[in-house]
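Student: So I've got this file, data.txt, and it contains compact mmCIF, C-alpha atoms:
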```
# COMPACT_ATOMS: atom_id res chain seq x y z
CA MET Q 6 -86.06 -419.90 79.50
CA SER Q 7 -87.26 -418.14 82.65
CA VAL Q 8 -84.43 -415.63 82.30
CA LEU Q 9 -85.38 -414.71 78.72
CA PHE Q 10 -89.05 -414.50 79.70
CA THR Q 11 -88.20 -412.17 82.56
CA ILE Q 12 -86.15 -409.87 80.32
CA LEU Q 13 -88.92 -409.78 77.67
CA LEU Q 14 -91.54 -409.11 80.30
CA MET Q 15 -89.48 -406.26 81.72
CA ALA Q 16 -89.00 -404.88 78.20
CA VAL Q 17 -92.76 -405.00 77.47
CA ILE Q 18 -93.60 -403.41 80.78
CA GLY Q 19 -90.91 -400.73 80.34
CA GLY Q 20 -92.02 -400.03 76.76
CA PHE Q 21 -95.64 -399.75 77.83
CA ILE Q 22 -94.74 -397.42 80.69
CA GLY Q 23 -92.50 -395.27 78.45
CA ALA Q 24 -95.11 -395.01 75.68
CA MET Q 25 -97.94 -394.27 78.09
CA THR Q 26 -95.82 -391.70 79.94
CA ASN Q 27 -95.12 -389.77 76.74
CA TYR Q 28 -98.73 -390.15 75.56
CA ILE Q 29 -100.05 -388.79 78.86
CA ALA Q 30 -97.47 -385.97 78.80
CA ILE Q 31 -98.59 -384.95 75.29
CA ARG Q 32 -102.24 -385.12 76.29
CA MET Q 33 -101.50 -383.00 79.37
CA LEU Q 34 -100.36 -380.19 77.10
CA PHE Q 35 -104.07 -379.67 76.32
CA ARG Q 36 -106.06 -381.62 78.90
CA PRO Q 37 -107.87 -380.95 81.05
CA TYR Q 38 -109.28 -377.76 79.56
CA LYS Q 39 -110.32 -376.48 82.99
CA ALA Q 40 -108.92 -376.71 86.50
CA VAL Q 41 -110.05 -379.72 88.50
CA TYR Q 42 -110.78 -379.23 92.22
CA LEU Q 43 -110.91 -381.81 94.98
CA PHE Q 44 -112.10 -380.67 98.42
CA ASN Q 45 -111.78 -377.05 97.16
CA LYS Q 46 -108.13 -377.69 96.30
CA ARG Q 47 -106.95 -377.40 92.72
CA LEU Q 48 -105.27 -380.55 91.59
CA PRO Q 49 -101.71 -380.17 90.27
CA PHE Q 50 -101.21 -379.90 86.51
CA THR Q 51 -104.79 -378.78 85.97
CA PRO Q 52 -105.66 -377.22 83.63
CA GLY Q 53 -103.25 -378.38 80.94
CA LEU Q 54 -100.16 -376.36 79.99
CA ILE Q 55 -101.63 -374.69 76.89
CA PRO Q 56 -105.04 -373.85 78.47
CA LYS Q 57 -103.24 -372.46 81.51
CA ARG Q 58 -100.85 -370.31 79.47
CA ARG Q 59 -103.25 -369.59 76.62
CA ASP Q 60 -103.28 -365.78 76.97
CA GLU Q 61 -99.52 -365.62 77.43
CA LEU Q 62 -99.02 -367.90 74.44
CA ALA Q 63 -101.31 -365.77 72.25
CA GLU Q 64 -99.46 -362.59 73.28
CA HIS Q 65 -96.04 -364.08 72.48
CA ILE Q 66 -97.21 -365.45 69.13
CA GLY Q 67 -98.52 -362.00 68.20
CA LYS Q 68 -95.19 -360.39 69.09
CA VAL Q 69 -93.24 -363.02 67.15
CA VAL Q 70 -95.42 -362.54 64.06
CA VAL Q 71 -94.88 -358.77 64.07
CA SER Q 72 -91.20 -358.87 65.09
CA HIS Q 73 -90.00 -361.61 62.75
CA LEU Q 74 -92.67 -362.32 60.12
CA LEU Q 75 -94.83 -359.32 59.20
CA THR Q 76 -92.15 -356.68 59.68
CA GLU Q 77 -92.38 -353.19 58.21
CA ASP Q 78 -89.46 -353.86 55.88
CA ALA Q 79 -90.98 -357.12 54.67
CA ILE Q 80 -94.34 -355.47 53.99
CA ARG Q 81 -92.69 -352.52 52.21
CA ALA Q 82 -90.52 -354.79 50.08
CA ARG Q 83 -93.53 -356.88 49.09
CA LEU Q 84 -95.64 -353.83 48.19
CA LEU Q 85 -92.84 -352.41 46.01
CA ASP Q 86 -92.23 -355.74 44.29
CA GLU Q 87 -92.66 -355.38 40.52
CA ASN Q 88 -94.29 -358.79 40.27
CA LEU Q 89 -96.98 -357.76 42.76
CA GLN Q 90 -97.60 -354.51 40.90
CA ARG Q 91 -97.92 -356.42 37.63
CA GLU Q 92 -100.30 -358.97 39.15
CA VAL Q 93 -102.52 -356.31 40.71
CA THR Q 94 -102.54 -354.32 37.46
CA GLU Q 95 -103.46 -357.41 35.43
CA THR Q 96 -106.23 -358.32 37.88
CA ILE Q 97 -107.78 -354.84 37.83
CA THR Q 98 -107.42 -354.62 34.04
CA LYS Q 99 -109.16 -357.97 33.65
CA MET Q 100 -111.99 -356.85 35.92
CA PHE Q 101 -112.28 -353.58 33.96
CA HIS Q 102 -112.56 -355.42 30.61
CA GLU Q 103 -115.24 -357.70 32.08
CA LYS Q 104 -117.25 -354.71 33.26
CA MET Q 105 -116.85 -352.99 29.88
CA LYS Q 106 -118.73 -355.88 28.25
CA LEU Q 107 -121.81 -354.98 30.28
CA GLU Q 108 -124.18 -352.03 29.94
CA THR Q 109 -124.61 -350.48 33.34
CA THR Q 110 -126.21 -347.08 33.84
CA PRO Q 111 -125.33 -344.87 36.81
CA ASN Q 112 -128.84 -345.53 38.15
CA GLU Q 113 -128.24 -349.30 38.08
CA LEU Q 114 -124.76 -349.01 39.57
CA LEU Q 115 -125.97 -346.86 42.45
CA HIS Q 116 -128.91 -349.23 42.95
CA HIS Q 117 -126.48 -352.14 43.36
CA LEU Q 118 -124.58 -350.05 45.90
CA GLY Q 119 -127.78 -349.57 47.90
CA TYR Q 120 -128.53 -346.01 46.75
CA GLU Q 121 -132.18 -346.10 45.65
CA ASN Q 122 -133.83 -343.45 43.40
CA ALA Q 123 -130.37 -342.08 42.63
CA GLU Q 124 -131.46 -339.63 39.93
CA VAL Q 125 -134.29 -338.05 41.92
CA ARG Q 126 -132.29 -337.89 45.15
CA SER Q 127 -129.17 -336.52 43.44
CA ILE Q 128 -131.03 -333.79 41.58
CA SER Q 129 -132.96 -332.91 44.73
CA TRP Q 130 -129.70 -332.70 46.70
CA LEU Q 131 -128.06 -330.62 43.98
CA GLU Q 132 -131.04 -328.27 43.82
CA ARG Q 133 -131.11 -327.74 47.61
CA THR Q 134 -127.36 -327.26 47.77
CA LEU Q 135 -127.27 -324.79 44.89
CA GLU Q 136 -130.09 -322.70 46.28
CA ILE Q 137 -128.53 -322.64 49.76
CA GLU Q 138 -125.08 -321.72 48.43
CA ILE Q 139 -126.41 -319.03 46.05
CA SER Q 140 -128.52 -317.52 48.84
CA ARG Q 141 -125.56 -317.59 51.22
CA PHE Q 142 -123.38 -315.91 48.59
CA LEU Q 143 -125.92 -313.15 47.90
CA THR Q 144 -126.40 -312.56 51.64
CA THR Q 145 -122.74 -312.48 52.65
CA LYS Q 146 -121.62 -310.44 49.65
CA GLN Q 147 -124.44 -307.90 49.51
CA SER Q 148 -122.19 -305.05 50.75
CA THR Q 149 -119.31 -306.04 48.46
CA GLN Q 150 -118.49 -304.02 45.37
CA MET Q 151 -118.76 -305.75 42.03
CA SER Q 152 -115.07 -305.10 41.37
CA GLU Q 153 -114.25 -307.47 44.23
CA LEU Q 154 -116.67 -310.14 43.04
CA ILE Q 155 -115.56 -310.21 39.43
CA PRO Q 156 -112.44 -312.37 38.96
CA SER Q 157 -109.40 -310.31 38.00
CA MET Q 158 -108.78 -312.46 34.94
CA LEU Q 159 -112.33 -311.84 33.69
CA GLU Q 160 -112.05 -308.14 34.49
CA ASN Q 161 -108.81 -307.81 32.52
CA GLU Q 162 -110.27 -309.73 29.62
CA LEU Q 163 -113.39 -307.51 29.52
CA THR Q 164 -111.26 -304.37 29.70
CA LYS Q 165 -109.25 -305.59 26.72
CA LYS Q 166 -112.45 -306.34 24.80
CA LEU Q 167 -113.99 -302.84 25.21
CA PRO Q 168 -112.29 -301.39 22.07
CA HIS Q 169 -113.59 -304.37 20.09
CA VAL Q 170 -117.06 -303.72 21.47
CA THR Q 171 -116.77 -300.10 20.31
CA ASP Q 172 -115.75 -301.24 16.82
CA ARG Q 173 -118.65 -303.67 16.80
CA ILE Q 174 -121.13 -300.96 17.78
CA THR Q 175 -119.88 -298.46 15.17
CA SER Q 176 -119.82 -301.19 12.53
CA LYS Q 177 -123.43 -302.17 13.23
CA MET Q 178 -124.50 -298.52 13.26
CA SER Q 179 -122.77 -297.89 9.92
CA VAL Q 180 -124.41 -300.90 8.32
CA PHE Q 181 -127.83 -299.86 9.56
CA ILE Q 182 -127.51 -296.21 8.53
CA ALA Q 183 -126.20 -297.16 5.09
CA SER Q 184 -129.05 -299.60 4.54
CA GLU Q 185 -132.41 -298.84 3.01
CA ALA Q 186 -134.05 -299.38 6.40
CA GLY Q 187 -131.72 -296.76 7.87
CA LYS Q 188 -132.59 -294.29 5.14
CA ILE Q 189 -136.30 -294.83 5.76
CA GLN Q 190 -135.79 -294.41 9.51
CA ILE Q 191 -133.98 -291.06 8.97
CA LYS Q 192 -136.73 -289.86 6.63
CA GLN Q 193 -139.43 -290.78 9.15
CA MET Q 194 -137.54 -288.97 11.90
CA LEU Q 195 -137.32 -285.81 9.74
CA GLN Q 196 -141.01 -285.94 8.94
CA LYS Q 197 -141.84 -286.36 12.61
CA PHE Q 198 -139.52 -283.47 13.49
CA PHE Q 199 -141.25 -281.10 11.04
CA GLU Q 200 -144.71 -282.20 12.18
CA GLU Q 201 -143.88 -281.57 15.83
CA HIS Q 202 -142.80 -277.97 15.09
CA GLY Q 203 -146.12 -276.82 13.58
CA LYS Q 204 -146.00 -273.86 11.20
CA MET Q 205 -142.24 -273.49 11.38
CA GLY Q 206 -141.92 -277.11 10.36
CA SER Q 207 -144.39 -276.67 7.54
CA MET Q 208 -142.50 -273.61 6.23
CA ALA Q 209 -139.18 -275.52 6.43
CA ARG Q 210 -140.65 -278.38 4.44
CA MET Q 211 -141.49 -275.92 1.66
CA PHE Q 212 -137.80 -275.15 1.18
CA ILE Q 213 -136.27 -278.55 2.00
CA ASN Q 214 -136.48 -281.72 -0.05
CA ILE Q 215 -136.86 -284.46 2.60
CA ASP Q 216 -135.45 -287.22 0.35
CA SER Q 217 -132.28 -285.35 -0.55
CA PHE Q 218 -131.91 -284.04 3.01
CA SER Q 219 -132.27 -287.62 4.34
CA GLU Q 220 -129.53 -288.80 1.99
CA LYS Q 221 -127.30 -285.95 3.12
CA ILE Q 222 -127.87 -286.76 6.78
CA GLN Q 223 -127.19 -290.42 5.97
CA GLN Q 224 -123.86 -289.59 4.37
CA GLU Q 225 -122.80 -287.24 7.16
CA GLY Q 226 -123.92 -289.72 9.76
CA LEU Q 227 -121.70 -292.39 8.22
CA LYS Q 228 -118.75 -290.00 8.22
CA LEU Q 229 -119.39 -289.04 11.84
CA ILE Q 230 -119.65 -292.64 13.02
CA ASN Q 231 -116.44 -293.71 11.32
CA GLN Q 232 -114.39 -290.87 12.78
CA GLU Q 233 -111.85 -291.80 15.47
CA ASP Q 234 -113.23 -289.15 17.81
CA THR Q 235 -116.63 -290.79 17.70
CA LYS Q 236 -115.09 -294.18 18.49
CA ASN Q 237 -113.11 -292.65 21.34
CA ILE Q 238 -116.23 -291.08 22.80
CA ILE Q 239 -118.13 -294.38 22.63
CA ASN Q 240 -115.18 -296.21 24.17
CA GLN Q 241 -114.97 -293.65 26.98
CA LEU Q 242 -118.69 -294.00 27.63
CA LEU Q 243 -118.42 -297.78 27.79
CA THR Q 244 -115.38 -297.57 30.09
CA THR Q 245 -117.16 -295.10 32.38
CA GLU Q 246 -120.25 -297.28 32.56
CA TRP Q 247 -118.12 -300.34 33.27
CA HIS Q 248 -116.32 -298.55 36.12
CA ASN Q 249 -119.66 -297.34 37.47
CA PHE Q 250 -120.91 -300.92 37.38
CA GLU Q 251 -117.81 -302.16 39.23
CA ALA Q 252 -118.23 -299.49 41.89
CA LYS Q 253 -121.78 -300.58 42.71
CA GLU Q 254 -122.46 -302.89 45.62
CA LEU Q 255 -124.23 -306.18 45.00
CA GLN Q 256 -127.30 -305.05 46.96
CA GLU Q 257 -127.71 -302.06 44.61
CA LEU Q 258 -128.06 -304.43 41.65
CA ILE Q 259 -129.94 -307.15 43.53
CA PRO Q 260 -132.10 -305.80 46.38
CA THR Q 261 -132.38 -307.98 49.48
CA GLU Q 262 -136.07 -308.70 48.93
CA LYS Q 263 -135.33 -310.14 45.48
CA GLN Q 264 -132.38 -312.31 46.46
CA ALA Q 265 -134.44 -315.37 47.41
CA HIS Q 266 -136.37 -315.22 44.13
CA LEU Q 267 -133.14 -314.83 42.15
CA ALA Q 268 -131.53 -317.75 43.98
CA GLY Q 269 -134.49 -319.96 43.17
CA GLN Q 270 -134.56 -318.81 39.55
CA LEU Q 271 -130.81 -319.37 39.05
CA THR Q 272 -131.07 -322.81 40.65
CA SER Q 273 -133.96 -323.75 38.38
CA GLU Q 274 -132.07 -322.59 35.27
CA ILE Q 275 -128.94 -324.53 36.26
CA ILE Q 276 -130.91 -327.70 37.00
CA GLN Q 277 -132.70 -327.45 33.66
CA ALA Q 278 -129.36 -326.97 31.90
CA VAL Q 279 -127.97 -330.19 33.42
CA PRO Q 280 -128.85 -333.19 31.19
CA HIS Q 281 -129.50 -335.39 34.22
CA GLU Q 282 -131.80 -337.85 32.44
CA LYS Q 283 -129.07 -338.64 29.93
CA LEU Q 284 -126.35 -338.73 32.58
CA PHE Q 285 -128.17 -341.21 34.83
CA ASN Q 286 -129.61 -343.47 32.13
CA GLN Q 287 -126.75 -343.67 29.65
CA PRO Q 288 -124.52 -346.78 30.03
CA ILE Q 289 -121.26 -345.90 31.74
CA GLN Q 290 -119.44 -348.18 29.31
CA GLY Q 291 -120.53 -345.97 26.40
CA ILE Q 292 -118.90 -342.96 28.06
CA LEU Q 293 -115.71 -344.85 28.92
CA ARG Q 294 -115.33 -346.75 25.63
CA ASN Q 295 -113.53 -343.87 23.91
CA TYR Q 296 -111.00 -343.83 26.75
CA GLU Q 297 -110.70 -347.61 27.26
CA ALA Q 298 -107.17 -347.87 25.83
CA ALA Q 299 -105.93 -344.91 27.88
CA ILE Q 300 -107.50 -346.32 31.04
CA THR Q 301 -105.97 -349.80 30.66
CA GLU Q 302 -102.57 -348.69 29.38
CA LYS Q 303 -101.97 -345.60 31.49
CA MET Q 304 -104.51 -344.87 34.22
CA ILE Q 305 -104.75 -348.32 35.84
CA PRO Q 306 -100.96 -348.97 35.95
CA PHE Q 307 -100.38 -345.46 37.25
CA ALA Q 308 -103.10 -345.76 39.89
CA VAL Q 309 -101.82 -349.17 41.07
CA GLU Q 310 -98.24 -347.90 41.26
CA ARG Q 311 -99.26 -344.79 43.19
CA MET Q 312 -101.54 -346.76 45.51
CA LEU Q 313 -98.91 -349.38 46.39
CA ASP Q 314 -96.25 -346.69 46.73
CA PHE Q 315 -98.49 -344.75 49.11
CA VAL Q 316 -99.21 -347.83 51.21
CA ALA Q 317 -95.51 -348.76 51.23
CA THR Q 318 -94.49 -345.25 52.25
CA HIS Q 319 -96.95 -345.25 55.12
CA SER Q 320 -96.56 -348.94 55.97
CA ALA Q 321 -95.03 -348.19 59.36
CA GLU Q 322 -97.97 -346.01 60.34
CA ILE Q 323 -100.47 -348.52 58.92
CA VAL Q 324 -98.88 -351.44 60.81
CA GLU Q 325 -98.85 -349.36 63.97
CA ARG Q 326 -102.48 -348.38 63.59
CA MET Q 327 -103.54 -351.94 62.75
CA ASP Q 328 -101.66 -353.24 65.83
CA LEU Q 329 -101.00 -356.62 64.20
CA ALA Q 330 -99.64 -358.12 67.42
CA LYS Q 331 -102.90 -357.38 69.20
CA LEU Q 332 -104.87 -358.61 66.19
CA VAL Q 333 -103.06 -361.96 66.17
CA GLU Q 334 -103.42 -362.23 69.94
CA THR Q 335 -107.15 -361.54 69.73
CA GLN Q 336 -107.67 -364.05 66.93
CA ILE Q 337 -105.81 -366.79 68.80
CA ALA Q 338 -107.78 -365.99 71.94
CA THR Q 339 -111.02 -366.57 70.02
CA PHE Q 340 -110.02 -370.16 69.21
CA SER Q 341 -111.61 -372.73 71.46
CA LEU Q 342 -109.25 -375.13 73.22
CA PRO Q 343 -110.49 -378.16 71.21
CA GLU Q 344 -109.79 -376.18 68.02
CA ILE Q 345 -106.26 -375.35 69.16
CA GLU Q 346 -105.64 -378.98 70.07
CA LYS Q 347 -107.00 -380.16 66.73
CA LEU Q 348 -104.85 -377.61 64.89
CA VAL Q 349 -101.66 -378.65 66.68
CA VAL Q 350 -102.39 -382.35 66.20
CA GLU Q 351 -103.12 -381.84 62.47
CA ILE Q 352 -99.85 -379.99 62.02
CA SER Q 353 -97.56 -382.15 64.17
CA GLY Q 354 -99.59 -385.33 64.71
CA ARG Q 355 -96.94 -387.50 63.06
CA GLU Q 356 -94.18 -386.07 65.23
CA LEU Q 357 -96.28 -386.53 68.38
CA LYS Q 358 -96.84 -390.20 67.50
CA MET Q 359 -93.13 -390.64 66.96
CA ILE Q 360 -92.51 -389.16 70.43
CA THR Q 361 -94.93 -391.72 71.87
CA TYR Q 362 -93.23 -394.54 70.00
CA LEU Q 363 -89.82 -393.26 71.06
CA GLY Q 364 -90.99 -393.37 74.70
CA GLY Q 365 -92.03 -396.98 74.19
CA ILE Q 366 -88.68 -397.89 72.61
CA LEU Q 367 -86.69 -396.19 75.35
CA GLY Q 368 -88.92 -397.76 78.00
CA GLY Q 369 -88.44 -401.19 76.44
CA PHE Q 370 -84.65 -400.70 76.26
CA ILE Q 371 -84.59 -399.61 79.91
CA GLY Q 372 -86.74 -402.66 80.77
CA ILE Q 373 -84.23 -405.00 79.11
CA ILE Q 374 -81.37 -403.41 81.07
CA GLN Q 375 -83.37 -403.71 84.29
CA GLY Q 376 -84.09 -407.41 83.52
CA ILE Q 377 -80.41 -408.16 82.95
CA LEU Q 378 -79.37 -406.29 86.09
CA ALA Q 379 -82.04 -408.11 88.06
CA MET Q 380 -80.64 -411.48 86.94
CA TRP Q 381 -77.10 -410.53 87.99
CA ILE Q 382 -78.10 -409.09 91.29
```
Using structure tokens, write down the structure from this file.
Tutor:
Amino acid sequence: MSVLFTILLMAVIGGFIGAMTNYIAIRMLFRPYKAVYLFNKRLPFTPGLIPKRRDELAEHIGKVVVSHLLTEDAIRARLLDENLQREVTETITKMFHEKMKLETTPNELLHHLGYENAEVRSISWLERTLEIEISRFLTTKQSTQMSELIPSMLENELTKKLPHVTDRITSKMSVFIASEAGKIQIKQMLQKFFEEHGKMGSMARMFINIDSFSEKIQQEGLKLINQEDTKNIINQLLTTEWHNFEAKELQELIPTEKQAHLAGQLTSEIIQAVPHEKLFNQPIQGILRNYEAAITEKMIPFAVERMLDFVATHSAEIVERMDLAKLVETQIATFSLPEIEKLVVEISGRELKMITYLGGILGGFIGIIQGILAMWI
């Protein structure tokens, strides 16, 4: 009986020692959190392994994450995954449909974004910018000829339109001269002509019938206007005047002292022409509703595809700039030691208990062997 008791006692003592040894070893991974000093000498194994090697551990974890987990190829493959593109597209489309059910004006939207008095501030900014830019243009281009300021496309188009302008002028002149108002105007001009020439005019009126002479002038005038030579002359005059206009410098047309006034006047006219009250107070959804199908079926999928493709193409540069290894290292370094201990225990608490139990079992087994050997010896 004493032999069995001795073996059991040795087993209990060995199991207790084994379990406690493993328990203390596990606790020493984290504890103590700080070095312990006795007579200005740091005690061995203080602080614990993880607190002592915390920075080194954080650095290695960061490198492992970047080297084996969040690699460039893995990120690129995920970004180009069709399932991800579909999920992002569906999410954005759902958000878009939800927003389309609302009635949000640009003023309200900008207010939510922290931009107060959006309409007044925007119009004020636009007015200042326009006036500054127009003034700068008039100042810097004052010695420039108009031919250099007019776009070549517009210049070519105007040159092509000159014959049409000539036809328009002759057509209007013909209509006026052939009209009753034209006939009256010619008659009045004849009467004025005779009155201005005194006696000679009075004598001429005795031999000339003004009504019939007015009709004759009217008929001849119509013939003259419709002749090709007349049209050519008018066209040449218009072309000459256009070339003279192009040859002028901007300052000849707009003197320096009038540039500021012109800039202000142009700015005022442009601002008045902009329907800013309607633009800022009309619901955005009303503007977009006509294009809702095109936005959801074409624009959103295209934008998502291009965005993910861009990020995937530049993933190497993005990862490098983000410095994920340093980011992980920094985040781990911000954890307090109790938090790290709690995290490890939560993840592997069961395994750590099994290690403790295993120490007890091995200690107990060793105790039994020691008890048996003790009896033999």
Student: Let me make sure I understand: among Q:Lys331, Q:Lys253, Q:Arg294, Q:His266, which one has the smallest atom-to-atom distance to Q:Asp60 if we use all atoms listed in the file?
Tutor: Q:Lys331
Student: Point out the residue among Q:Ile373, Q:Ile22, Q:Met105, Q:Phe198 with the least atom-to-atom distance to Q:Phe10, counting all atoms listed in the file.
Tutor: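 Smallest distance to Q:Phe10 is found for Q:Ile373.
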Student: Please list as a PyMOL selection string every residue within 7 Å of stretch 222-228 of chain Q, counting only C-alpha atoms and excluding residues in the same chain fewer than 4 positions away.
Tutor: chain Q and resi 179+182-183+188+218+232
Student: Would you save the residues from that selection as a compact mmCIF listing (two decimals), in the coordinates of the input, using C-alpha atoms?
Tutor:
```txt
# COMPACT_ATOMS: atom_id res chain seq x y z
CA SER Q 179 -122.77 -297.89 9.92
CA ILE Q 182 -127.51 -296.21 8.53
CA ALA Q 183 -126.20 -297.16 5.09
CA LYS Q 188 -132.59 -294.29 5.14
CA PHE Q 218 -131.91 -284.04 3.01
CA GLN Q 232 -114.39 -290.87 12.78
```
Student: Hey, what's within 12 Å of Q:Glu153 if we count only C-alpha atoms and toss same-chain stuff fewer than 2 positions away? As a list in words, please?
Tutor: Lys146, Gln147, Ser148, Thr149, Gln150, Met151, Ile155, Pro156, Ser157, Met158, Leu159, Glu160, Phe250, Glu251, Ala252, Lys253, Glu254 and Leu255 of chain Q
Student: Now that the selection is made, can you save its residues with C-alpha atoms as a PDB file, in the coordinates of the input?
Tutor:
```pdb
ATOM      1  CA  LYS Q 146    -121.620-310.440  49.650  1.00  0.00           C
ATOM      2  CA  GLN Q 147    -124.440-307.900  49.510  1.00  0.00           C
ATOM      3  CA  SER Q 148    -122.190-305.050  50.750  1.00  0.00           C
ATOM      4  CA  THR Q 149    -119.310-306.040  48.460  1.00  0.00           C
ATOM      5  CA  GLN Q 150    -118.490-304.020  45.370  1.00  0.00           C
ATOM      6  CA  MET Q 151    -118.760-305.750  42.030  1.00  0.00           C
ATOM      7  CA  ILE Q 155    -115.560-310.210  39.430  1.00  0.00           C
ATOM      8  CA  PRO Q 156    -112.440-312.370  38.960  1.00  0.00           C
ATOM      9  CA  SER Q 157    -109.400-310.310  38.000  1.00  0.00           C
ATOM     10  CA  MET Q 158    -108.780-312.460  34.940  1.00  0.00           C
ATOM     11  CA  LEU Q 159    -112.330-311.840  33.690  1.00  0.00           C
ATOM     12  CA  GLU Q 160    -112.050-308.140  34.490  1.00  0.00           C
ATOM     13  CA  PHE Q 250    -120.910-300.920  37.380  1.00  0.00           C
ATOM     14  CA  GLU Q 251    -117.810-302.160  39.230  1.00  0.00           C
ATOM     15  CA  ALA Q 252    -118.230-299.490  41.890  1.00  0.00           C
ATOM     16  CA  LYS Q 253    -121.780-300.580  42.710  1.00  0.00           C
ATOM     17  CA  GLU Q 254    -122.460-302.890  45.620  1.00  0.00           C
ATOM     18  CA  LEU Q 255    -124.230-306.180  45.000  1.00  0.00           C
TER      19      LEU Q 255
END
```
Student: Could the centre and edge lengths of an axis-aligned box, enclosing all atoms of stretch 134-152 of chain Q in the file with 8 Å extra on each side, be given in Å to one decimal as AutoDock Vina command-line options?
Tutor:
```
--center_x -122.6 --center_y -315.6 --center_z 47.0 --size_x 31.0 --size_y 39.2 --size_z 27.3
```
Student: Between Q:Thr134, Q:Glu162, Q:Ile374, Q:Ile300, which one has atoms that come closest to Q:Ile97, using all atoms listed in the file?
Tutor: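 Using all atoms listed in the file, the shortest distance to Q:Ile97 belongs to Q:Ile300.
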Student: Which value, in Å to one decimal, gives the distance between atom CA of Q:Thr11 and atom CA of Q:Gly369?
Tutor: 12.6 Å
Student: Any idea what's packed within 6 Å of stretch 66-79 of chain Q, counting all atoms listed in the file, ignoring anything in its chain fewer than 4 positions away? Could you give it as number ranges by chain?
Tutor: Q: 321, 330, 333-334
Student: Would you please take stretch 340-344 of chain Q of the structure in the block above and write all heavy atoms to a file as a tab-separated table (two decimals), in the first residue's frame?
Tutor:
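As a result, out-v1.tsv now contains:
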```tsv
chain	number	residue	atom	x	y	z
Q	340	PHE	N	-1.10	48.70	-30.30
Q	340	PHE	CA	-1.81	47.84	-29.37
Q	340	PHE	C	-1.09	47.86	-28.01
Q	340	PHE	O	0.14	47.78	-27.95
Q	340	PHE	CB	-1.84	46.39	-29.88
Q	340	PHE	CG	-2.78	46.17	-31.03
Q	340	PHE	CD1	-2.88	44.92	-31.62
Q	340	PHE	CD2	-3.56	47.20	-31.53
Q	340	PHE	CE1	-3.73	44.72	-32.69
Q	340	PHE	CE2	-4.41	47.01	-32.59
Q	340	PHE	CZ	-4.51	45.76	-33.18
Q	341	SER	N	-1.87	47.92	-26.96
Q	341	SER	CA	-1.28	47.79	-25.64
Q	341	SER	C	-0.96	46.32	-25.39
Q	341	SER	O	-1.56	45.41	-25.99
Q	341	SER	CB	-2.24	48.31	-24.57
Q	341	SER	OG	-3.40	47.50	-24.51
Q	342	LEU	N	-0.03	46.06	-24.49
Q	342	LEU	CA	0.36	44.68	-24.20
Q	342	LEU	C	-0.81	43.84	-23.67
Q	342	LEU	O	-0.96	42.67	-24.07
Q	342	LEU	CB	1.54	44.68	-23.23
Q	342	LEU	CG	2.84	45.22	-23.83
Q	342	LEU	CD1	3.90	45.36	-22.74
Q	342	LEU	CD2	3.33	44.33	-24.95
Q	343	PRO	N	-1.66	44.38	-22.79
Q	343	PRO	CA	-2.83	43.59	-22.36
Q	343	PRO	C	-3.74	43.24	-23.54
Q	343	PRO	O	-4.32	42.15	-23.58
Q	343	PRO	CB	-3.54	44.51	-21.37
Q	343	PRO	CG	-2.45	45.39	-20.82
Q	343	PRO	CD	-1.53	45.60	-21.98
Q	344	GLU	N	-3.87	44.16	-24.50
Q	344	GLU	CA	-4.70	43.87	-25.68
Q	344	GLU	C	-4.10	42.76	-26.51
Q	344	GLU	O	-4.83	41.88	-27.01
Q	344	GLU	CB	-4.86	45.14	-26.52
Q	344	GLU	CG	-5.77	46.20	-25.92
Q	344	GLU	CD	-5.83	47.46	-26.75
Q	344	GLU	OE1	-4.85	47.75	-27.48
Q	344	GLU	OE2	-6.85	48.16	-26.69
```
